[in-house]
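Peer 1: Following this message is one structure expressed as structure tokens.
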Amino acid sequence: METIKVGAASRSYEVLVGTGILDRLGEFVRASTGCSRCCVITESTVGPLYADAAEDALLASGLDVAPRLTFTAGESSKTLATLGMLLEGLAERELTRDDVVIALGGGVTGDMGGLAAALYLRGIRVVQVPTSLLAMVDSSVGGKTAVDLMAGKNLVGAFWQPSLVVADVSTLSTIPGDLFRDSCGEVVKHAVLADPTLLVELERSPLTAAGVDRLASVVARNVSIKRDVVSADERERGLRQTLNLGHTIGHAIEAAGDFSLGHGSCVAAGLCMIARAAACRGWCSADTAERIERCAEAHGLPTSTALPTETLMRYVAHDKKRHGDSVNIVVPLEVGRCEVRTVDLDELRCLIDLGR
Ligand code: GLY
């Protein structure tokens, strides 16, 4: 098992990555929180697979486990209504400020459980137990939690750091192939951002859901990359913005396609497009852009979009990271080195055209 220590300004915690460690969840929760009572929040796909095992492990360590809260799986559940149901559920179970929420599932569950914990009684502790690759390498670490509004994704939320993250890579064996492939978009992004050796490894041998030992090491390296960023800039004032590599165009592709294409796939397409545009502008070499594209392709990820530039620009205009007529984009300078640049919307339009 690997232990990665995250030292965010608001809270320090450990991320535990290993194989078969869900069985030791109770021991880890007790050691890191000292709590005696908890409640598992999960969703309708992951719950039947892993909630019994998680609760058995919690009970075996002497914890009092309140009846679990389950919501319907899927992004469409990331609403204020579901959040309200979870908050009422925590109140009905009489959880107190000494108790802990266990968010068991993928990115949606991490968001819902994390935000419910952030708001209930003005904040109780949450332990993130991610069961998807995307949640392990990205969303379970760093404390971003949110629900969607009719007006857009993730528009209501809080920074609420977990007290512990337990990533058991054996849970990835039940992930559908297309979801696994999609998650690789964030892995490729992290490699381009900060780990040239990882990119070489991914180029030589693309990730697959088989081989849990390799997955544990890849997840741990991704968590370390994210840890370095969020420990320096928890609130996305500067360095954390670099984690948005590929996201400006990626989010526009995601929203314009009505979220039919997965987040990681959209990030991969956005990453390849900004890399090709950066190569055209001379900000990075053509070789850098080609390597990024080949690596995305080797993972079965899209490298561009057929959506018209004007359609994408309409969604960029609604991006919550836009500032007036400009937007901060992240550009690769070389593998392992990226930079945030502020560009106006006309320049972004040119970059999208160049990146096709
Ligand atoms: N997923 C980007 C971040 O956590 O900042």
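Letters for chains follow the order of the structure tokens (A, B, ...), residue numbers begin at 1 for each chain, and ligand numbers begin at 1 in the order shown.
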Set the distance at 10 Å and use only C-alpha atoms: which residues neighbour Glu254 in chain A once local chain neighbours fewer than 3 positions away are removed? I'd like the list as a PDB file with N, CA, C and O atoms, in the first residue's frame.

Peer 2:
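Result went into out-v3.pdb, see below:
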```
ATOM      1  N   HIS A 247      -9.114  21.588 -20.398  1.00  0.00           N
ATOM      2  CA  HIS A 247     -10.491  21.705 -19.920  1.00  0.00           C
ATOM      3  C   HIS A 247     -11.288  22.834 -20.583  1.00  0.00           C
ATOM      4  O   HIS A 247     -12.514  22.744 -20.643  1.00  0.00           O
ATOM      5  N   ILE A 249     -11.398  23.947 -23.766  1.00  0.00           N
ATOM      6  CA  ILE A 249     -12.047  23.413 -24.969  1.00  0.00           C
ATOM      7  C   ILE A 249     -12.823  22.136 -24.593  1.00  0.00           C
ATOM      8  O   ILE A 249     -13.929  21.903 -25.078  1.00  0.00           O
ATOM      9  N   GLY A 250     -12.255  21.333 -23.684  1.00  0.00           N
ATOM     10  CA  GLY A 250     -12.896  20.075 -23.270  1.00  0.00           C
ATOM     11  C   GLY A 250     -14.285  20.303 -22.680  1.00  0.00           C
ATOM     12  O   GLY A 250     -15.240  19.617 -23.036  1.00  0.00           O
ATOM     13  N   HIS A 251     -14.406  21.282 -21.781  1.00  0.00           N
ATOM     14  CA  HIS A 251     -15.722  21.571 -21.188  1.00  0.00           C
ATOM     15  C   HIS A 251     -16.717  22.002 -22.254  1.00  0.00           C
ATOM     16  O   HIS A 251     -17.900  21.653 -22.192  1.00  0.00           O
ATOM     17  N   GLY A 257     -22.085  18.866 -26.520  1.00  0.00           N
ATOM     18  CA  GLY A 257     -22.572  17.513 -26.856  1.00  0.00           C
ATOM     19  C   GLY A 257     -23.582  17.020 -25.837  1.00  0.00           C
ATOM     20  O   GLY A 257     -23.852  15.819 -25.781  1.00  0.00           O
ATOM     21  N   ASP A 258     -24.083  17.929 -24.993  1.00  0.00           N
ATOM     22  CA  ASP A 258     -25.080  17.590 -23.979  1.00  0.00           C
ATOM     23  C   ASP A 258     -24.589  16.442 -23.077  1.00  0.00           C
ATOM     24  O   ASP A 258     -25.363  15.585 -22.666  1.00  0.00           O
ATOM     25  N   PHE A 259     -23.310  16.438 -22.799  1.00  0.00           N
ATOM     26  CA  PHE A 259     -22.681  15.496 -21.856  1.00  0.00           C
ATOM     27  C   PHE A 259     -22.798  14.043 -22.309  1.00  0.00           C
ATOM     28  O   PHE A 259     -22.748  13.129 -21.491  1.00  0.00           O
ATOM     29  N   SER A 260     -22.962  13.834 -23.646  1.00  0.00           N
ATOM     30  CA  SER A 260     -23.038  12.453 -24.143  1.00  0.00           C
ATOM     31  C   SER A 260     -21.645  11.821 -24.204  1.00  0.00           C
ATOM     32  O   SER A 260     -21.501  10.605 -24.137  1.00  0.00           O
ATOM     33  N   LEU A 261     -20.600  12.654 -24.354  1.00  0.00           N
ATOM     34  CA  LEU A 261     -19.227  12.150 -24.370  1.00  0.00           C
ATOM     35  C   LEU A 261     -18.652  12.335 -22.970  1.00  0.00           C
ATOM     36  O   LEU A 261     -18.843  13.381 -22.346  1.00  0.00           O
ATOM     37  N   GLY A 262     -17.929  11.330 -22.468  1.00  0.00           N
ATOM     38  CA  GLY A 262     -17.417  11.377 -21.097  1.00  0.00           C
ATOM     39  C   GLY A 262     -16.432  12.515 -20.856  1.00  0.00           C
ATOM     40  O   GLY A 262     -15.786  13.004 -21.800  1.00  0.00           O
ATOM     41  N   HIS A 263     -16.293  12.888 -19.594  1.00  0.00           N
ATOM     42  CA  HIS A 263     -15.436  14.019 -19.230  1.00  0.00           C
ATOM     43  C   HIS A 263     -13.984  13.795 -19.672  1.00  0.00           C
ATOM     44  O   HIS A 263     -13.356  14.679 -20.251  1.00  0.00           O
ATOM     45  N   GLY A 264     -13.448  12.586 -19.407  1.00  0.00           N
ATOM     46  CA  GLY A 264     -12.046  12.327 -19.735  1.00  0.00           C
ATOM     47  C   GLY A 264     -11.804  12.377 -21.233  1.00  0.00           C
ATOM     48  O   GLY A 264     -10.753  12.849 -21.693  1.00  0.00           O
ATOM     49  N   SER A 265     -12.770  11.905 -22.017  1.00  0.00           N
ATOM     50  CA  SER A 265     -12.649  11.939 -23.478  1.00  0.00           C
ATOM     51  C   SER A 265     -12.646  13.387 -23.967  1.00  0.00           C
ATOM     52  O   SER A 265     -11.877  13.751 -24.864  1.00  0.00           O
ATOM     53  N   CYS A 266     -13.507  14.210 -23.369  1.00  0.00           N
ATOM     54  CA  CYS A 266     -13.562  15.628 -23.764  1.00  0.00           C
ATOM     55  C   CYS A 266     -12.261  16.332 -23.386  1.00  0.00           C
ATOM     56  O   CYS A 266     -11.732  17.161 -24.140  1.00  0.00           O
ATOM     57  N   VAL A 267     -11.718  16.005 -22.214  1.00  0.00           N
ATOM     58  CA  VAL A 267     -10.446  16.607 -21.783  1.00  0.00           C
ATOM     59  C   VAL A 267      -9.331  16.191 -22.750  1.00  0.00           C
ATOM     60  O   VAL A 267      -8.483  17.007 -23.140  1.00  0.00           O
ATOM     61  N   GLY A 270      -9.711  18.159 -25.906  1.00  0.00           N
ATOM     62  CA  GLY A 270      -9.300  19.546 -25.625  1.00  0.00           C
ATOM     63  C   GLY A 270      -7.789  19.660 -25.476  1.00  0.00           C
ATOM     64  O   GLY A 270      -7.170  20.630 -25.942  1.00  0.00           O
ATOM     65  N   LEU A 312     -18.619  25.795 -30.081  1.00  0.00           N
ATOM     66  CA  LEU A 312     -17.755  25.686 -28.888  1.00  0.00           C
ATOM     67  C   LEU A 312     -17.633  27.037 -28.194  1.00  0.00           C
ATOM     68  O   LEU A 312     -17.688  27.121 -26.964  1.00  0.00           O
ATOM     69  N   TYR A 315     -20.264  27.961 -25.730  1.00  0.00           N
ATOM     70  CA  TYR A 315     -20.149  27.315 -24.411  1.00  0.00           C
ATOM     71  C   TYR A 315     -18.975  27.864 -23.610  1.00  0.00           C
ATOM     72  O   TYR A 315     -19.049  27.944 -22.387  1.00  0.00           O
TER      73      TYR A 315
END
```

Peer 1: Tell me, as a list in words, which residues lie within 12 Å of Leu351 in chain A, counting only C-alpha atoms; anything in the same chain fewer than 4 positions away does not count.

Peer 2: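 After dropping sequence-adjacent residues, the list is Thr248, Ile249, Gly270, Leu271, Cys272, Met273, Ile274, Ala275, Arg276, Ala277, Ala278, Ala279, Cys280, Arg281, Trp283, Thr309, Leu312, Met313, Ile329, Val330, Val331, Val343, Asp344, Leu345, Asp346, Glu347, Gly355 and Arg356 of chain A.
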
Peer 1: Given the selection you just returned, output its residues as a file containing N, CA and C atoms, formatted as a PDB file, in the first residue's frame.

Peer 2:
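And here's selection.pdb as it stands now:
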```
ATOM      1  N   THR A 248     -10.638  23.911 -21.029  1.00  0.00           N
ATOM      2  CA  THR A 248     -11.425  25.021 -21.585  1.00  0.00           C
ATOM      3  C   THR A 248     -12.162  24.538 -22.841  1.00  0.00           C
ATOM      4  N   ILE A 249     -11.398  23.947 -23.766  1.00  0.00           N
ATOM      5  CA  ILE A 249     -12.047  23.413 -24.969  1.00  0.00           C
ATOM      6  C   ILE A 249     -12.823  22.136 -24.593  1.00  0.00           C
ATOM      7  N   GLY A 270      -9.711  18.159 -25.906  1.00  0.00           N
ATOM      8  CA  GLY A 270      -9.300  19.546 -25.625  1.00  0.00           C
ATOM      9  C   GLY A 270      -7.789  19.660 -25.476  1.00  0.00           C
ATOM     10  N   LEU A 271      -7.185  18.668 -24.836  1.00  0.00           N
ATOM     11  CA  LEU A 271      -5.732  18.655 -24.628  1.00  0.00           C
ATOM     12  C   LEU A 271      -4.996  18.555 -25.973  1.00  0.00           C
ATOM     13  N   CYS A 272      -5.440  17.637 -26.833  1.00  0.00           N
ATOM     14  CA  CYS A 272      -4.781  17.486 -28.137  1.00  0.00           C
ATOM     15  C   CYS A 272      -4.947  18.749 -28.972  1.00  0.00           C
ATOM     16  N   MET A 273      -6.137  19.364 -28.893  1.00  0.00           N
ATOM     17  CA  MET A 273      -6.378  20.566 -29.696  1.00  0.00           C
ATOM     18  C   MET A 273      -5.517  21.730 -29.227  1.00  0.00           C
ATOM     19  N   ILE A 274      -5.416  21.920 -27.910  1.00  0.00           N
ATOM     20  CA  ILE A 274      -4.611  23.055 -27.429  1.00  0.00           C
ATOM     21  C   ILE A 274      -3.125  22.782 -27.691  1.00  0.00           C
ATOM     22  N   ALA A 275      -2.737  21.490 -27.657  1.00  0.00           N
ATOM     23  CA  ALA A 275      -1.328  21.162 -27.931  1.00  0.00           C
ATOM     24  C   ALA A 275      -0.988  21.451 -29.403  1.00  0.00           C
ATOM     25  N   ARG A 276      -1.895  21.065 -30.321  1.00  0.00           N
ATOM     26  CA  ARG A 276      -1.635  21.346 -31.740  1.00  0.00           C
ATOM     27  C   ARG A 276      -1.607  22.851 -31.993  1.00  0.00           C
ATOM     28  N   ALA A 277      -2.528  23.577 -31.335  1.00  0.00           N
ATOM     29  CA  ALA A 277      -2.551  25.041 -31.500  1.00  0.00           C
ATOM     30  C   ALA A 277      -1.261  25.645 -30.937  1.00  0.00           C
ATOM     31  N   ALA A 278      -0.803  25.136 -29.784  1.00  0.00           N
ATOM     32  CA  ALA A 278       0.433  25.656 -29.170  1.00  0.00           C
ATOM     33  C   ALA A 278       1.623  25.384 -30.091  1.00  0.00           C
ATOM     34  N   ALA A 279       1.616  24.228 -30.756  1.00  0.00           N
ATOM     35  CA  ALA A 279       2.711  23.920 -31.690  1.00  0.00           C
ATOM     36  C   ALA A 279       2.679  24.898 -32.871  1.00  0.00           C
ATOM     37  N   CYS A 280       1.463  25.180 -33.374  1.00  0.00           N
ATOM     38  CA  CYS A 280       1.338  26.138 -34.491  1.00  0.00           C
ATOM     39  C   CYS A 280       1.845  27.522 -34.097  1.00  0.00           C
ATOM     40  N   ARG A 281       1.594  27.913 -32.845  1.00  0.00           N
ATOM     41  CA  ARG A 281       2.034  29.235 -32.359  1.00  0.00           C
ATOM     42  C   ARG A 281       3.519  29.237 -31.958  1.00  0.00           C
ATOM     43  N   TRP A 283       4.692  27.689 -29.293  1.00  0.00           N
ATOM     44  CA  TRP A 283       4.833  27.660 -27.821  1.00  0.00           C
ATOM     45  C   TRP A 283       5.390  26.304 -27.366  1.00  0.00           C
ATOM     46  N   THR A 309     -16.506  25.604 -34.517  1.00  0.00           N
ATOM     47  CA  THR A 309     -15.846  26.518 -33.564  1.00  0.00           C
ATOM     48  C   THR A 309     -16.858  27.448 -32.900  1.00  0.00           C
ATOM     49  N   LEU A 312     -18.619  25.795 -30.081  1.00  0.00           N
ATOM     50  CA  LEU A 312     -17.755  25.686 -28.888  1.00  0.00           C
ATOM     51  C   LEU A 312     -17.633  27.037 -28.194  1.00  0.00           C
ATOM     52  N   MET A 313     -17.498  28.112 -28.988  1.00  0.00           N
ATOM     53  CA  MET A 313     -17.318  29.444 -28.395  1.00  0.00           C
ATOM     54  C   MET A 313     -18.536  29.862 -27.574  1.00  0.00           C
ATOM     55  N   ILE A 329      -6.313  30.031 -20.172  1.00  0.00           N
ATOM     56  CA  ILE A 329      -6.139  28.695 -20.745  1.00  0.00           C
ATOM     57  C   ILE A 329      -4.778  28.154 -20.297  1.00  0.00           C
ATOM     58  N   VAL A 330      -4.647  26.840 -20.331  1.00  0.00           N
ATOM     59  CA  VAL A 330      -3.378  26.225 -19.943  1.00  0.00           C
ATOM     60  C   VAL A 330      -2.741  25.675 -21.209  1.00  0.00           C
ATOM     61  N   VAL A 331      -1.486  26.077 -21.445  1.00  0.00           N
ATOM     62  CA  VAL A 331      -0.819  25.607 -22.671  1.00  0.00           C
ATOM     63  C   VAL A 331       0.398  24.767 -22.314  1.00  0.00           C
ATOM     64  N   VAL A 343      -6.064  34.780 -22.476  1.00  0.00           N
ATOM     65  CA  VAL A 343      -6.262  35.156 -23.886  1.00  0.00           C
ATOM     66  C   VAL A 343      -7.671  35.740 -24.048  1.00  0.00           C
ATOM     67  N   ASP A 344      -7.816  36.632 -25.048  1.00  0.00           N
ATOM     68  CA  ASP A 344      -9.184  37.123 -25.274  1.00  0.00           C
ATOM     69  C   ASP A 344      -9.946  36.097 -26.125  1.00  0.00           C
ATOM     70  N   LEU A 345     -11.247  36.310 -26.218  1.00  0.00           N
ATOM     71  CA  LEU A 345     -12.086  35.288 -26.860  1.00  0.00           C
ATOM     72  C   LEU A 345     -11.757  35.123 -28.339  1.00  0.00           C
ATOM     73  N   ASP A 346     -11.299  36.237 -28.991  1.00  0.00           N
ATOM     74  CA  ASP A 346     -10.915  36.119 -30.415  1.00  0.00           C
ATOM     75  C   ASP A 346      -9.701  35.217 -30.574  1.00  0.00           C
ATOM     76  N   GLU A 347      -8.727  35.382 -29.660  1.00  0.00           N
ATOM     77  CA  GLU A 347      -7.532  34.533 -29.730  1.00  0.00           C
ATOM     78  C   GLU A 347      -7.901  33.066 -29.465  1.00  0.00           C
ATOM     79  N   GLY A 355      -6.124  24.288 -33.718  1.00  0.00           N
ATOM     80  CA  GLY A 355      -5.966  22.992 -33.042  1.00  0.00           C
ATOM     81  C   GLY A 355      -6.703  21.842 -33.712  1.00  0.00           C
ATOM     82  N   ARG A 356      -7.461  22.126 -34.744  1.00  0.00           N
ATOM     83  CA  ARG A 356      -8.261  21.045 -35.381  1.00  0.00           C
ATOM     84  C   ARG A 356      -7.391  20.093 -36.202  1.00  0.00           C
TER      85      ARG A 356
END
```

Peer 1: Calculated over only C-alpha atoms and all ligand atoms, which of the candidates A:Glu75, A:Asp98, A:Glu310, A:Asp228 has the smallest distance to ligand 1?

Peer 2: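 Closest residue, counting only C-alpha atoms and all ligand atoms: A:Asp228.
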
Peer 1: Could you check which of A:Thr45, A:Thr70, A:Ser217, A:Thr79 is closest to Ile175 in chain A, using only C-alpha atoms?

Peer 2: A:Thr45

Peer 1: For ligand 1, return the neighbouring residues as a ChimeraX atom specification (distance at most 7 Å; only C-alpha atoms and all ligand atoms).

Peer 2: /A:138-139,142,144,236,240-241,243-244

Peer 1: Would you please work out which residue, of A:Ala60, A:Ala167, A:Val108, A:Val100, is nearest to Val212 in chain A when using only C-alpha atoms?

Peer 2: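 Nearest candidate to Val212 in chain A out of A:Ala60, A:Ala167, A:Val108, A:Val100: A:Ala167.
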
Peer 1: If you run DSSP on this backbone, which residues of range 250-329 of chain A come out as strand (DSSP E), and could you give them as a ChimeraX atom specification?

Peer 2: /A:322-323,326-329

Peer 1: Just the number, please: distance in Å from CA of Val40 in chain A to CA of Ala103 in chain A, one decimal.

Peer 2: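 Pair CA of Val40 in chain A / CA of Ala103 in chain A returns 6.1 Å.
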
Peer 1: Any idea what's packed within 12 Å of Ser36 in chain A, counting only C-alpha atoms, ignoring anything in its chain fewer than 4 positions away? Could you give it as a PDB file with N, CA and C atoms, in the first residue's frame?

Peer 2:
```pdb
ATOM      1  N   GLY A  26     -12.359   0.230   8.054  1.00  0.00           N
ATOM      2  CA  GLY A  26     -12.669   0.625   9.433  1.00  0.00           C
ATOM      3  C   GLY A  26     -11.421   1.002  10.220  1.00  0.00           C
ATOM      4  N   GLU A  27     -10.406   0.179  10.053  1.00  0.00           N
ATOM      5  CA  GLU A  27      -9.121   0.441  10.740  1.00  0.00           C
ATOM      6  C   GLU A  27      -8.564   1.816  10.316  1.00  0.00           C
ATOM      7  N   VAL A  29     -10.241   4.387   8.959  1.00  0.00           N
ATOM      8  CA  VAL A  29     -11.125   5.493   9.362  1.00  0.00           C
ATOM      9  C   VAL A  29     -10.917   5.794  10.853  1.00  0.00           C
ATOM     10  N   ARG A  30     -10.830   4.747  11.640  1.00  0.00           N
ATOM     11  CA  ARG A  30     -10.617   4.940  13.087  1.00  0.00           C
ATOM     12  C   ARG A  30      -9.305   5.664  13.357  1.00  0.00           C
ATOM     13  N   ALA A  31      -8.252   5.191  12.678  1.00  0.00           N
ATOM     14  CA  ALA A  31      -6.920   5.765  12.934  1.00  0.00           C
ATOM     15  C   ALA A  31      -6.854   7.233  12.506  1.00  0.00           C
ATOM     16  N   SER A  32      -7.520   7.585  11.405  1.00  0.00           N
ATOM     17  CA  SER A  32      -7.342   8.958  10.914  1.00  0.00           C
ATOM     18  C   SER A  32      -8.361   9.928  11.496  1.00  0.00           C
ATOM     19  N   LEU A  58     -16.179  -1.459   8.452  1.00  0.00           N
ATOM     20  CA  LEU A  58     -16.375  -0.396   9.465  1.00  0.00           C
ATOM     21  C   LEU A  58     -16.885  -1.016  10.775  1.00  0.00           C
ATOM     22  N   LEU A  59     -17.862  -1.932  10.642  1.00  0.00           N
ATOM     23  CA  LEU A  59     -18.421  -2.592  11.840  1.00  0.00           C
ATOM     24  C   LEU A  59     -17.352  -3.434  12.550  1.00  0.00           C
ATOM     25  N   SER A  61     -14.377  -2.887  12.907  1.00  0.00           N
ATOM     26  CA  SER A  61     -13.467  -2.051  13.719  1.00  0.00           C
ATOM     27  C   SER A  61     -14.207  -1.379  14.864  1.00  0.00           C
ATOM     28  N   GLY A  62     -15.454  -1.818  15.088  1.00  0.00           N
ATOM     29  CA  GLY A  62     -16.192  -1.315  16.249  1.00  0.00           C
ATOM     30  C   GLY A  62     -16.929  -0.013  16.010  1.00  0.00           C
ATOM     31  N   LEU A  63     -17.016   0.395  14.734  1.00  0.00           N
ATOM     32  CA  LEU A  63     -17.747   1.648  14.457  1.00  0.00           C
ATOM     33  C   LEU A  63     -19.245   1.389  14.417  1.00  0.00           C
ATOM     34  N   ASP A  64     -20.014   2.383  14.861  1.00  0.00           N
ATOM     35  CA  ASP A  64     -21.458   2.342  14.734  1.00  0.00           C
ATOM     36  C   ASP A  64     -21.779   2.872  13.325  1.00  0.00           C
ATOM     37  N   VAL A  65     -22.433   2.049  12.510  1.00  0.00           N
ATOM     38  CA  VAL A  65     -22.690   2.433  11.116  1.00  0.00           C
ATOM     39  C   VAL A  65     -24.175   2.740  10.939  1.00  0.00           C
ATOM     40  N   ALA A  66     -24.513   3.992  10.651  1.00  0.00           N
ATOM     41  CA  ALA A  66     -25.918   4.381  10.429  1.00  0.00           C
ATOM     42  C   ALA A  66     -26.397   3.776   9.107  1.00  0.00           C
ATOM     43  N   LEU A  95     -26.780  12.252  12.751  1.00  0.00           N
ATOM     44  CA  LEU A  95     -25.319  12.364  12.760  1.00  0.00           C
ATOM     45  C   LEU A  95     -24.917  13.667  13.440  1.00  0.00           C
ATOM     46  N   THR A  96     -23.826  13.630  14.164  1.00  0.00           N
ATOM     47  CA  THR A  96     -23.354  14.829  14.872  1.00  0.00           C
ATOM     48  C   THR A  96     -22.036  15.286  14.261  1.00  0.00           C
ATOM     49  N   ARG A  97     -21.527  16.380  14.808  1.00  0.00           N
ATOM     50  CA  ARG A  97     -20.261  16.916  14.292  1.00  0.00           C
ATOM     51  C   ARG A  97     -19.066  16.006  14.570  1.00  0.00           C
ATOM     52  N   ASP A  98     -19.250  15.024  15.449  1.00  0.00           N
ATOM     53  CA  ASP A  98     -18.149  14.083  15.727  1.00  0.00           C
ATOM     54  C   ASP A  98     -18.126  12.940  14.717  1.00  0.00           C
ATOM     55  N   ASP A  99     -19.205  12.824  13.929  1.00  0.00           N
ATOM     56  CA  ASP A  99     -19.361  11.658  13.059  1.00  0.00           C
ATOM     57  C   ASP A  99     -18.791  11.944  11.661  1.00  0.00           C
ATOM     58  N   VAL A 100     -18.792  10.891  10.845  1.00  0.00           N
ATOM     59  CA  VAL A 100     -18.085  10.977   9.562  1.00  0.00           C
ATOM     60  C   VAL A 100     -18.964  10.414   8.440  1.00  0.00           C
ATOM     61  N   VAL A 101     -18.955  11.112   7.304  1.00  0.00           N
ATOM     62  CA  VAL A 101     -19.598  10.598   6.087  1.00  0.00           C
ATOM     63  C   VAL A 101     -18.553   9.806   5.306  1.00  0.00           C
TER      64      VAL A 101
END
```
